[in-house]
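File shown here: start_23.txt, holding compact mmCIF, C-alpha atoms.
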# COMPACT_ATOMS: atom_id res chain seq x y z
CA MET I 4 47.17 390.68 172.87
CA THR I 5 44.74 387.78 173.44
CA GLN I 6 44.24 384.75 171.22
CA GLU I 7 40.93 386.21 170.06
CA ASN I 8 42.63 389.48 169.12
CA LYS I 9 45.26 387.68 167.06
CA ALA I 10 42.67 385.59 165.23
CA ASP I 11 40.60 388.71 164.59
CA ILE I 12 43.64 390.50 163.13
CA LEU I 13 44.13 387.74 160.55
CA SER I 14 40.43 387.60 159.70
CA SER I 15 40.28 391.38 159.22
CA LEU I 16 43.55 391.37 157.27
CA ILE I 17 42.31 388.81 154.76
CA GLU I 18 38.94 390.51 154.41
CA ALA I 19 40.63 393.85 153.75
CA THR I 20 42.95 392.26 151.19
CA ILE I 21 40.01 390.83 149.23
CA LYS I 22 38.21 394.19 149.36
CA ALA I 23 41.36 395.89 148.06
CA GLY I 24 41.24 393.79 144.88
CA ALA I 25 42.78 390.41 145.61
CA ASP I 26 41.03 387.25 144.45
CA ALA I 27 42.50 385.21 147.30
CA ALA I 28 44.74 385.75 150.30
CA ASP I 29 46.38 383.96 153.21
CA ALA I 30 48.26 385.20 156.26
CA SER I 31 50.08 384.19 159.40
CA LEU I 32 50.81 385.83 162.74
CA ALA I 33 53.52 384.47 165.02
CA THR I 34 54.80 385.38 168.46
CA SER I 35 57.73 383.86 170.31
CA GLU I 36 59.71 384.27 173.50
CA SER I 37 62.91 382.74 174.77
CA LEU I 38 65.24 382.80 177.74
CA SER I 39 68.85 381.62 177.64
CA VAL I 40 71.62 381.49 180.21
CA GLU I 41 75.33 380.90 179.66
CA VAL I 42 77.97 380.16 182.30
CA ARG I 43 81.75 379.94 182.25
CA ASN I 44 84.19 378.75 184.92
CA GLY I 45 81.41 378.22 187.42
CA ALA I 46 79.98 381.71 187.14
CA LEU I 47 77.16 383.36 185.24
CA GLU I 48 78.36 384.86 181.96
CA GLY I 49 75.16 386.06 180.36
CA VAL I 50 71.37 386.05 180.38
CA GLU I 51 69.31 386.84 177.31
CA ARG I 52 65.57 387.33 177.06
CA GLU I 53 63.90 387.79 173.68
CA GLU I 54 60.32 388.42 172.60
CA ALA I 55 59.32 388.75 168.96
CA GLY I 56 56.24 388.93 166.80
CA GLY I 57 55.37 389.44 163.18
CA VAL I 58 52.70 389.08 160.53
CA SER I 59 52.94 387.88 156.91
CA LEU I 60 50.39 388.39 154.16
CA ARG I 61 50.08 386.96 150.64
CA ALA I 62 47.69 388.29 147.99
CA LEU I 63 46.75 386.59 144.73
CA VAL I 64 45.30 388.54 141.81
CA GLY I 65 44.46 386.09 139.06
CA GLN I 66 47.66 384.11 138.50
CA ARG I 67 49.83 386.79 140.05
CA GLN I 68 50.97 386.81 143.65
CA ALA I 69 53.00 388.87 146.09
CA HIS I 70 53.80 388.62 149.78
CA VAL I 71 54.92 391.01 152.50
CA SER I 72 55.79 390.75 156.17
CA GLY I 73 56.35 393.11 159.08
CA SER I 74 56.07 393.62 162.81
CA ASP I 75 53.79 396.68 162.86
CA MET I 76 50.38 395.34 163.91
CA SER I 77 48.76 398.72 164.45
CA PRO I 78 45.66 399.49 162.33
CA ASP I 79 47.66 401.90 160.17
CA GLY I 80 50.50 399.42 159.77
CA LEU I 81 48.16 396.62 158.70
CA LYS I 82 46.30 398.91 156.31
CA ALA I 83 49.57 399.88 154.65
CA MET I 84 50.51 396.20 154.39
CA VAL I 85 47.26 395.39 152.58
CA GLU I 86 47.63 398.25 150.12
CA ARG I 87 51.24 397.37 149.42
CA VAL I 88 50.75 393.63 148.86
CA VAL I 89 47.77 394.07 146.50
CA ALA I 90 49.63 396.67 144.45
CA MET I 91 52.65 394.37 144.26
CA ALA I 92 50.50 391.40 143.20
CA LYS I 93 48.89 393.37 140.38
CA ALA I 94 52.35 394.25 139.08
CA ALA I 95 53.88 390.76 139.51
CA PRO I 96 54.51 388.39 136.59
CA GLU I 97 52.01 385.60 136.05
CA ASP I 98 52.64 382.25 137.71
CA LYS I 99 50.37 379.58 136.26
CA TYR I 100 51.09 377.26 139.20
CA CYS I 101 50.27 379.58 142.12
CA GLY I 102 47.05 379.43 144.12
CA ILE I 103 45.54 378.50 147.46
CA THR I 104 43.94 375.23 148.50
CA PRO I 105 40.34 374.73 147.32
CA ALA I 106 37.89 374.91 150.23
CA ASP I 107 36.90 371.27 149.84
CA GLU I 108 40.51 370.11 150.29
CA ILE I 109 41.39 371.85 153.56
CA ALA I 110 42.03 369.94 156.80
CA THR I 111 39.09 369.94 159.20
CA GLU I 112 39.98 367.41 161.94
CA TYR I 113 42.05 369.00 164.71
CA VAL I 114 44.56 366.70 166.44
CA ASN I 115 46.09 367.58 169.81
CA LEU I 116 49.76 366.73 169.28
CA MET I 117 50.90 367.98 172.71
CA LEU I 118 53.49 370.45 171.43
CA GLU I 119 53.42 372.73 174.46
CA GLY I 120 56.52 373.08 176.60
CA ASP I 121 57.00 374.03 180.23
CA GLU I 122 56.11 377.35 181.76
CA CYS I 123 58.99 379.82 181.58
CA PRO I 124 61.58 378.88 184.22
CA SER I 125 63.53 381.45 186.17
CA ALA I 126 66.96 382.52 185.00
CA ASP I 127 68.34 381.11 188.24
CA LEU I 128 66.96 377.67 187.43
CA LEU I 129 68.50 377.72 183.95
CA LYS I 130 71.75 378.83 185.54
CA GLU I 131 71.71 375.81 187.85
CA ARG I 132 71.26 373.46 184.90
CA ALA I 133 74.07 375.08 182.96
CA LEU I 134 76.43 375.00 185.96
CA GLU I 135 75.67 371.32 186.56
CA ALA I 136 76.45 370.50 182.94
CA GLU I 137 79.66 372.53 182.92
CA ALA I 138 80.89 371.03 186.19
CA ALA I 139 80.42 367.51 184.85
CA ALA I 140 82.41 368.33 181.72
CA LEU I 141 85.26 369.88 183.72
CA GLU I 142 85.49 366.82 185.94
CA VAL I 143 86.56 364.70 182.96
CA SER I 144 90.32 364.21 183.09
CA GLY I 145 91.92 366.11 180.22
CA VAL I 146 89.22 368.77 179.86
CA GLN I 147 90.74 372.21 180.43
CA GLN I 148 87.76 374.48 179.92
CA THR I 149 84.40 374.85 178.22
CA GLY I 150 83.80 376.90 175.11
CA HIS I 151 80.11 377.05 175.88
CA ALA I 152 77.80 375.82 178.61
CA GLY I 153 74.20 376.94 178.59
CA ALA I 154 70.53 376.20 179.09
CA THR I 155 67.59 377.64 177.19
CA TRP I 156 63.81 377.76 177.14
CA SER I 157 61.51 378.92 174.36
CA ALA I 158 57.83 379.07 173.44
CA SER I 159 55.97 380.11 170.31
CA THR I 160 52.43 380.58 169.05
CA GLY I 161 51.37 380.80 165.44
CA TYR I 162 48.05 381.64 163.82
CA VAL I 163 47.24 381.03 160.17
CA ALA I 164 44.20 381.81 158.04
CA ALA I 165 43.18 381.97 154.38
CA SER I 166 40.31 383.26 152.29
CA ASN I 167 39.22 379.67 151.60
CA GLY I 168 37.93 379.49 155.18
CA PHE I 169 40.87 377.71 156.77
CA SER I 170 42.17 378.92 160.12
CA ALA I 171 44.25 377.29 162.84
CA MET I 172 46.53 377.92 165.79
CA LYS I 173 49.74 376.06 166.62
CA VAL I 174 51.85 376.28 169.76
CA GLY I 175 55.33 374.98 170.49
CA GLY I 176 57.83 374.88 173.30
CA SER I 177 61.30 373.56 174.07
CA THR I 178 64.01 373.41 176.68
CA SER I 179 67.65 372.50 176.12
CA VAL I 180 71.08 372.06 177.65
CA ALA I 181 74.33 372.21 175.67
CA VAL I 182 78.04 372.03 176.47
CA MET I 183 81.16 372.52 174.33
CA ALA I 184 84.20 371.00 176.06
CA ILE I 185 87.84 371.75 175.22
CA ALA I 186 90.47 369.11 175.99
CA GLN I 187 94.25 369.51 175.88
CA LYS I 188 97.24 367.14 175.81
CA ASP I 189 100.88 367.79 174.89
CA GLY I 190 100.01 371.23 173.53
CA ALA I 191 97.28 369.91 171.23
CA MET I 192 93.67 370.94 171.78
CA GLU I 193 90.44 369.28 170.69
CA ARG I 194 86.84 370.21 171.25
CA ASP I 195 83.52 368.40 171.08
CA TYR I 196 80.03 368.91 172.38
CA ASP I 197 76.80 367.35 173.44
CA SER I 198 73.34 368.86 173.57
CA TRP I 199 69.78 367.77 174.15
CA ALA I 200 66.46 369.48 173.61
CA LYS I 201 62.98 368.30 174.53
CA ARG I 202 59.52 369.79 174.74
CA LYS I 203 59.55 369.37 178.52
CA TYR I 204 62.48 369.29 180.91
CA ALA I 205 61.19 366.14 182.61
CA ASP I 206 61.98 364.21 179.40
CA MET I 207 65.57 365.47 179.23
CA PRO I 208 68.76 363.62 180.18
CA THR I 209 70.30 365.21 183.27
CA PRO I 210 72.55 368.23 182.68
CA ALA I 211 75.40 366.28 184.28
CA SER I 212 75.06 363.49 181.71
CA VAL I 213 75.17 366.05 178.88
CA GLY I 214 78.33 367.65 180.29
CA LEU I 215 79.98 364.28 180.94
CA SER I 216 79.32 363.18 177.37
CA ALA I 217 80.75 366.42 175.96
CA GLY I 218 83.91 366.07 178.07
CA GLN I 219 84.44 362.43 177.16
CA ARG I 220 83.96 363.13 173.48
CA ALA I 221 86.49 365.95 173.53
CA VAL I 222 89.13 363.89 175.34
CA ALA I 223 88.62 360.95 172.99
CA ARG I 224 89.66 363.16 170.05
CA LEU I 225 93.10 363.93 171.50
CA GLY I 226 96.04 362.43 169.62
CA ALA I 227 94.33 362.42 166.21
CA GLN I 228 96.32 360.93 163.36
CA LYS I 229 96.13 361.14 159.59
CA ILE I 230 95.52 358.05 157.51
CA LYS I 231 96.57 357.00 154.03
CA SER I 232 94.28 357.42 151.05
CA GLN I 233 92.35 354.20 150.51
CA THR I 234 88.97 352.58 149.97
CA ALA I 235 87.27 351.58 153.21
CA ALA I 236 84.02 351.23 155.09
CA ILE I 237 82.48 354.32 156.68
CA ILE I 238 80.19 354.44 159.70
CA TYR I 239 78.33 357.70 160.26
CA ASP I 240 77.71 358.30 163.98
CA ASN I 241 74.04 358.75 164.83
CA ARG I 242 74.61 362.37 165.87
CA LEU I 243 75.26 363.33 162.24
CA SER I 244 73.89 360.49 160.10
CA SER I 245 70.66 362.45 159.60
CA ARG I 246 72.61 364.82 157.33
CA LEU I 247 72.91 361.99 154.82
CA ILE I 248 69.15 361.48 154.95
CA SER I 249 68.66 365.22 154.44
CA SER I 250 70.43 364.80 151.09
CA PHE I 251 67.80 362.23 150.16
CA VAL I 252 65.04 364.67 151.19
CA SER I 253 66.44 367.35 148.89
CA ALA I 254 66.47 364.86 146.03
CA ILE I 255 62.74 364.03 146.38
CA SER I 256 61.64 367.66 146.62
CA GLY I 257 58.82 368.21 144.14
CA PRO I 258 60.18 371.58 142.93
CA ALA I 259 63.63 370.03 142.33
CA VAL I 260 62.13 367.11 140.42
CA ALA I 261 59.96 369.49 138.36
CA ARG I 262 63.06 371.50 137.42
CA GLY I 263 64.94 368.31 136.58
CA VAL I 264 67.73 369.02 139.06
CA SER I 265 67.52 365.87 141.17
CA PHE I 266 69.57 362.70 140.79
CA LEU I 267 66.41 360.77 141.75
CA LYS I 268 64.10 362.47 139.23
CA ASP I 269 63.59 359.26 137.19
CA LYS I 270 63.53 356.81 140.12
CA MET I 271 59.92 356.86 141.30
CA GLY I 272 58.78 353.33 142.14
CA GLU I 273 62.33 351.96 141.86
CA GLN I 274 64.74 350.41 144.35
CA VAL I 275 66.70 353.39 145.70
CA PHE I 276 67.90 351.89 148.99
CA ALA I 277 68.66 348.30 149.90
CA ALA I 278 65.75 345.97 150.57
CA GLY I 279 64.61 346.24 154.17
CA VAL I 280 65.32 349.98 154.46
CA ASP I 281 62.36 352.21 155.41
CA ILE I 282 62.25 356.00 155.70
CA ILE I 283 59.11 357.20 157.43
CA ASP I 284 57.61 360.67 157.83
CA ASN I 285 55.06 361.04 160.62
CA PRO I 286 53.52 364.51 161.08
CA LEU I 287 51.16 363.17 163.75
CA GLU I 288 53.87 362.07 166.20
CA ILE I 289 52.98 363.19 169.71
CA SER I 290 55.32 366.00 170.87
CA GLY I 291 57.44 365.65 167.71
CA TRP I 292 59.62 368.54 166.62
CA GLY I 293 57.95 368.71 163.21
CA SER I 294 54.46 367.61 164.22
CA ARG I 295 51.41 369.28 162.70
CA TRP I 296 47.82 368.35 161.82
CA PHE I 297 47.77 370.42 158.62
CA ASP I 298 50.43 371.23 156.07
CA GLY I 299 51.67 374.62 154.91
CA GLU I 300 48.65 375.07 152.63
CA GLY I 301 46.03 373.86 155.11
CA ARG I 302 45.71 370.35 153.64
CA PRO I 303 45.38 367.25 155.85
CA VAL I 304 48.50 365.22 156.63
CA SER I 305 49.25 361.56 157.29
CA LYS I 306 52.07 359.18 158.13
CA LYS I 307 53.98 358.11 155.00
CA LYS I 308 56.71 355.67 154.04
CA LEU I 309 58.79 357.70 151.61
CA ILE I 310 61.02 354.65 151.23
CA ASP I 311 59.25 351.32 151.65
CA ASP I 312 61.53 348.26 151.68
CA GLY I 313 64.07 350.30 149.73
CA VAL I 314 61.59 351.54 147.10
CA LEU I 315 60.88 355.25 146.50
CA THR I 316 57.13 355.81 146.89
CA GLN I 317 56.45 359.56 146.48
CA TRP I 318 57.77 363.07 146.04
CA LEU I 319 57.35 365.92 148.52
CA LEU I 320 54.56 367.93 146.92
CA SER I 321 52.91 371.28 147.54
CA GLY I 322 50.04 372.58 145.43
CA PRO I 323 52.28 374.40 142.92
CA SER I 324 54.85 371.61 142.55
CA ALA I 325 52.09 369.02 142.18
CA LYS I 326 50.58 371.06 139.33
CA GLN I 327 53.97 371.23 137.62
CA LEU I 328 54.30 367.45 137.76
CA GLY I 329 50.68 366.68 136.91
CA LEU I 330 50.14 365.06 140.32
CA LYS I 331 48.02 365.66 143.40
CA PRO I 332 49.36 367.47 146.52
CA ASN I 333 50.22 365.04 149.33
CA GLY I 334 50.30 367.20 152.45
CA MET I 335 54.04 367.93 152.33
CA ALA I 336 53.87 371.71 151.82
CA SER I 337 56.03 373.82 154.09
CA SER I 338 54.50 376.79 155.83
CA GLY I 339 53.10 379.01 153.11
CA PHE I 340 50.55 381.18 154.88
CA GLY I 341 51.65 384.69 154.03
CA ASP I 342 54.35 383.28 151.73
CA PRO I 343 54.42 381.01 148.68
CA PRO I 344 54.63 377.42 149.98
CA GLY I 345 57.64 375.19 149.62
CA VAL I 346 57.94 371.52 150.59
CA THR I 347 59.22 369.84 153.73
CA THR I 348 59.20 366.71 155.82
CA THR I 349 57.97 366.74 159.42
CA ASN I 350 59.23 363.99 161.75
CA LEU I 351 61.43 361.96 159.43
CA ASN I 352 63.17 358.78 160.60
CA LEU I 353 65.39 356.25 158.92
CA ALA I 354 64.05 353.11 160.59
CA ALA I 355 66.48 351.35 162.91
CA GLY I 356 68.27 348.17 161.87
CA GLU I 357 69.43 345.21 163.95
CA LEU I 358 73.05 346.02 164.91
CA ASP I 359 74.24 348.71 167.31
CA GLN I 360 77.26 350.82 166.41
CA ALA I 361 79.68 348.28 167.88
CA GLY I 362 77.96 345.58 165.87
CA LEU I 363 78.34 347.60 162.66
CA MET I 364 82.06 347.99 163.38
CA LYS I 365 82.42 344.26 163.88
CA GLN I 366 80.58 343.58 160.63
CA ALA I 367 82.77 346.03 158.72
CA GLY I 368 85.98 344.79 160.35
CA SER I 369 87.92 347.98 159.73
CA GLY I 370 87.14 351.49 158.57
CA LEU I 371 86.37 355.02 159.70
CA LEU I 372 83.78 356.00 162.29
CA VAL I 373 82.78 359.54 161.30
CA THR I 374 81.89 361.80 164.23
CA ASP I 375 82.27 365.23 162.62
CA MET I 376 81.67 366.61 159.11
CA PHE I 377 82.75 369.83 157.43
CA GLY I 378 81.13 371.44 154.39
CA PRO I 379 79.70 368.60 152.31
CA SER I 380 79.68 369.14 148.54
CA ILE I 381 76.82 367.52 146.62
CA ASN I 382 76.02 367.67 142.91
CA SER I 383 72.21 367.70 142.86
CA ASN I 384 72.08 366.39 139.28
CA THR I 385 74.44 363.42 139.65
CA GLY I 386 74.58 362.84 143.41
CA ASP I 387 78.38 363.09 143.45
CA TYR I 388 79.33 363.57 147.08
CA SER I 389 82.40 364.63 149.04
CA VAL I 390 82.89 365.90 152.58
CA GLY I 391 85.68 366.63 155.04
CA VAL I 392 85.45 364.51 158.17
CA SER I 393 87.13 363.51 161.40
CA GLY I 394 86.45 360.56 163.64
CA PHE I 395 88.04 357.28 164.70
CA TRP I 396 89.78 354.48 162.84
CA PHE I 397 88.64 351.02 163.87
CA GLU I 398 90.07 347.56 163.22
CA GLY I 399 88.78 344.18 164.24
CA GLY I 400 85.62 345.92 165.33
CA ASP I 401 87.45 348.07 167.92
CA ILE I 402 88.45 351.74 167.87
CA VAL I 403 92.21 352.14 167.41
CA HIS I 404 92.86 355.89 167.33
CA PRO I 405 91.22 359.23 166.46
CA VAL I 406 91.56 360.52 162.89
CA SER I 407 91.53 364.03 161.42
CA GLU I 408 91.82 365.77 158.04
CA VAL I 409 90.16 363.16 155.84
CA THR I 410 87.94 363.68 152.82
CA ILE I 411 85.49 360.96 151.89
CA ALA I 412 83.87 360.74 148.47
CA GLY I 413 81.33 358.69 146.59
CA ASP I 414 78.01 359.09 144.83
CA LEU I 415 74.75 359.17 146.72
CA PRO I 416 72.77 356.80 144.46
CA SER I 417 75.22 353.94 145.05
CA MET I 418 75.78 354.95 148.68
CA PHE I 419 72.05 354.72 149.37
CA LYS I 420 71.91 351.21 147.91
CA ARG I 421 74.78 350.06 150.15
CA LEU I 422 73.54 351.81 153.29
CA ILE I 423 73.01 349.63 156.38
CA PRO I 424 71.19 351.31 159.30
CA GLY I 425 72.17 350.54 162.89
CA SER I 426 69.87 350.07 165.86
CA ASP I 427 70.83 353.23 167.83
CA LEU I 428 68.10 355.58 166.60
CA GLU I 429 67.64 358.59 168.91
CA ASN I 430 64.98 361.26 168.66
CA ARG I 431 67.07 364.44 168.71
CA GLY I 432 65.31 366.55 166.10
CA SER I 433 62.83 366.56 163.23
CA THR I 434 65.12 364.33 161.10
CA ASN I 435 66.75 361.34 162.80
CA ALA I 436 68.80 358.34 161.76
CA PRO I 437 70.76 355.63 163.56
CA SER I 438 74.43 355.00 162.86
CA ILE I 439 74.89 354.14 159.17
CA LEU I 440 77.41 351.75 157.61
CA ILE I 441 78.45 352.17 153.96
CA ASP I 442 81.27 350.11 152.52
CA GLY I 443 83.59 350.90 149.63
CA MET I 444 84.00 354.65 150.19
CA SER I 445 87.00 356.60 148.88
CA LEU I 446 89.11 358.17 151.62
CA ALA I 447 91.60 360.91 150.77
CA GLY I 448 94.22 361.32 153.48
CA LEU I 449 98.00 361.33 153.26
Starting from the file, give its structure as structure tokens.
Amino acid sequence: MTQENKADILSSLIEATIKAGADAADASLATSESLSVEVRNGALEGVEREEAGGVSLRALVGQRQAHVSGSDMSPDGLKAMVERVVAMAKAAPEDKYCGITPADEIATEYVNLMLEGDECPSADLLKERALEAEAAALEVSGVQQTGHAGATWSASTGYVAASNGFSAMKVGGSTSVAVMAIAQKDGAMERDYDSWAKRKYADMPTPASVGLSAGQRAVARLGAQKIKSQTAAIIYDNRLSSRLISSFVSAISGPAVARGVSFLKDKMGEQVFAAGVDIIDNPLEISGWGSRWFDGEGRPVSKKKLIDDGVLTQWLLSGPSAKQLGLKPNGMASSGFGDPPGVTTTNLNLAAGELDQAGLMKQAGSGLLVTDMFGPSINSNTGDYSVGVSGFWFEGGDIVHPVSEVTIAGDLPSMFKRLIPGSDLENRGSTNAPSILIDGMSLAGL
């Protein structure tokens, strides 16, 4: 199926939906393919190839809406989809906030964000990368085996269109290498991992460096001890610090604020983080994981400081959530073509500070470096926060020993205000943060 065919399918689908009785409609068509290879003990363990495609359609009849999706793109299948979604919309309850973007508000300036990946590599080439990564992990003294060693490639294409005249195509690609290493000493076993993904393989660290890092991390966890319950400083390693920022993102979600279920619902324009802290969302980042030139409703997008010098500047708003709050949409809608839109960030970064992780440890003096987290519990109304962690105890700015079976607790509003970002920001995904220091956290151990 050519690009023209796919675009024609959406155009015909929307036209048929309007003729069937809908006042407005939008739709999306996506195709994807992937290839993954896994090795174990120096030999090929598995190869998986996947190809998928599907179409989604939303119909609006007055202030009623319904949406359907499927993989049958035959003329009969699409006809049945149209009939079904219009009938469902006519029977749906009214939603005074639903709708599609007015034609004069849609994005019109295409931006080439260079989201394409490499051409599909051979399975043999992926195997070589996986074997190189596994071999490097196994060469680390103390590593007994790998729980996983693999390399992947993927590519996707998406088409969206709406009855307001908006239409666009978006492509994406990625390649990755990942290793899970298992270390053993005196009958005790520990595991850790490393992984990297980039749009193009040329921008990746070498597979050997990924495997070496995984092996070293696993060995470093051997001999973990428990610590006494106390109040101490916490440093979140930059591999997982973004999870703390994701909690902030949930709290500034327009739908959550409109429902009154956010601990930040009354904090617009106030100091939420310490002075000097910036959190920036940039949908126009070249080759970014979340990059896009239009949002999930077809509106234009722009770079935004969600936190500017510690101050909260805006909510994440789609058309419906903006209506609920009496505000204007700000280009933060998640993909809604064929579905009701939600809200999302794109390429979100907590801006780097001045000290690297070692510098943060020296500043704190002693505390817990958190390198793994298990099942965080967050009260969305109050921000009360607790999570099981493991990591390393440090004193005098130096790591002393690994630590396991600790629960840390606090409340996110006060944690945000005490947060100090490190300088080791790495672009590993759509949400990134450097190491983060927060003092005065409650640790529950022995």
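Minimum atom-to-atom distance to I:Leu422, evaluated using only C-alpha atoms, belongs to I:Val280 out of I:Leu372, I:Leu141, I:Ile289, I:Val280.
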Between I:Ala27, I:Leu440, I:Ala19, I:Val71, which one has atoms that come closest to I:Ala235, using all atoms listed in the file?
I:Leu440
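For the pair atom CA of I:Lys201 and atom CA of I:Asp375, the interatomic distance is 22.9 Å.
For I:Val392, the non-local neighbours within 7 Å, defined as residues at least 6 positions apart in the same chain or in other chains and counting all atoms listed in the file, are Val373, Asp375, Met376, Phe377, Ser407, Glu408, Val409 and Thr410 of chain I.
With all atoms listed in the file as the atoms that count, the residue of I:Gly370, I:Gly176, I:Pro124, I:Pro286 with the shortest distance to I:Ile237 is I:Gly370.
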Go through I:Asp427, I:Arg224, I:Ile230, I:Ala171 and flag the residue nearest I:Thr111, using only C-alpha atoms for the distances.
I:Ala171
Selection near I:Ser39, 6 Å with all atoms listed in the file, sequence-local residues under 4 positions removed, as a VMD selection string
chain I and resid 50 to 51 154 to 155
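Shortest atom-to-atom contact with I:Gly334 among I:Ala259, I:Ile109, I:Ala186, I:Leu13: I:Ile109, counting only C-alpha atoms.
Atom pair atom CA of I:Ser157 / atom CA of I:Arg52 has a distance of 9.7 Å (rounded to one decimal).
Nearest residue to I:Ala277, choosing from I:Ile248, I:Met418, I:Ala325, I:Ala236 and counting all atoms listed in the file: I:Met418.
Picture a line from atom CA of I:Val58 to atom CA of I:Tyr113; it runs 23.1 Å.
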At a cut-off of 8 Å around the point (75.9, 359.1, 159.1) (file coordinates), what residues fall inside when counting all atoms listed in the file? I'd like the answer as a list in words.
Ile238, Tyr239, Asp240, Asn241, Arg242, Leu243, Ser244, Ser245, Arg246, Leu247, Val373, Ala436, Pro437, Ser438, Ile439 and Leu440 of chain I
Residues at most 6 Å from I:Ala221, counting all atoms listed in the file, excluding those fewer than 2 positions away in the same chain, as a compact mmCIF listing (two decimals) with C-alpha atoms, in the coordinates of the input?
# COMPACT_ATOMS: atom_id res chain seq x y z
CA ALA I 186 90.47 369.11 175.99
CA GLU I 193 90.44 369.28 170.69
CA ARG I 194 86.84 370.21 171.25
CA ASP I 195 83.52 368.40 171.08
CA GLY I 218 83.91 366.07 178.07
CA GLN I 219 84.44 362.43 177.16
CA ALA I 223 88.62 360.95 172.99
CA ARG I 224 89.66 363.16 170.05
Please determine the residues with any atom at most 7 Å from (76.3, 380.0, 183.8) (coordinates as given in the file, with only C-alpha atoms counting) and report them as a PyMOL selection string.
chain I and resi 40-43+45-48+130+133-134+152-153
Give me the residues within 10 Å of I:Lys270 as an MDAnalysis selection string, counting all atoms listed in the file and dropping any in the same chain fewer than 6 places off.
chainID I and resid 255 314:317
Within 12 Å of I:Pro344, counting all atoms listed in the file, which residues qualify if same-chain residues fewer than 2 places away don't, as a compact mmCIF listing (two decimals) with C-alpha atoms, keeping the file's coordinate frame?
# COMPACT_ATOMS: atom_id res chain seq x y z
CA ASP I 29 46.38 383.96 153.21
CA ALA I 30 48.26 385.20 156.26
CA ARG I 61 50.08 386.96 150.64
CA GLN I 68 50.97 386.81 143.65
CA HIS I 70 53.80 388.62 149.78
CA TYR I 100 51.09 377.26 139.20
CA CYS I 101 50.27 379.58 142.12
CA GLY I 102 47.05 379.43 144.12
CA ILE I 103 45.54 378.50 147.46
CA THR I 104 43.94 375.23 148.50
CA GLY I 257 58.82 368.21 144.14
CA PRO I 258 60.18 371.58 142.93
CA ASP I 298 50.43 371.23 156.07
CA GLY I 299 51.67 374.62 154.91
CA GLU I 300 48.65 375.07 152.63
CA GLY I 301 46.03 373.86 155.11
CA ARG I 302 45.71 370.35 153.64
CA LEU I 319 57.35 365.92 148.52
CA LEU I 320 54.56 367.93 146.92
CA SER I 321 52.91 371.28 147.54
CA GLY I 322 50.04 372.58 145.43
CA PRO I 323 52.28 374.40 142.92
CA SER I 324 54.85 371.61 142.55
CA ALA I 325 52.09 369.02 142.18
CA PRO I 332 49.36 367.47 146.52
CA GLY I 334 50.30 367.20 152.45
CA MET I 335 54.04 367.93 152.33
CA ALA I 336 53.87 371.71 151.82
CA SER I 337 56.03 373.82 154.09
CA SER I 338 54.50 376.79 155.83
CA GLY I 339 53.10 379.01 153.11
CA PHE I 340 50.55 381.18 154.88
CA GLY I 341 51.65 384.69 154.03
CA ASP I 342 54.35 383.28 151.73
CA VAL I 346 57.94 371.52 150.59
CA THR I 347 59.22 369.84 153.73
6 Å per side around stretch 141-154 of chain I: axis-aligned box centre and edge lengths, as AutoDock Vina command-line options:
--center_x 81.2 --center_y 370.6 --center_z 180.5 --size_x 33.4 --size_y 24.8 --size_z 22.8
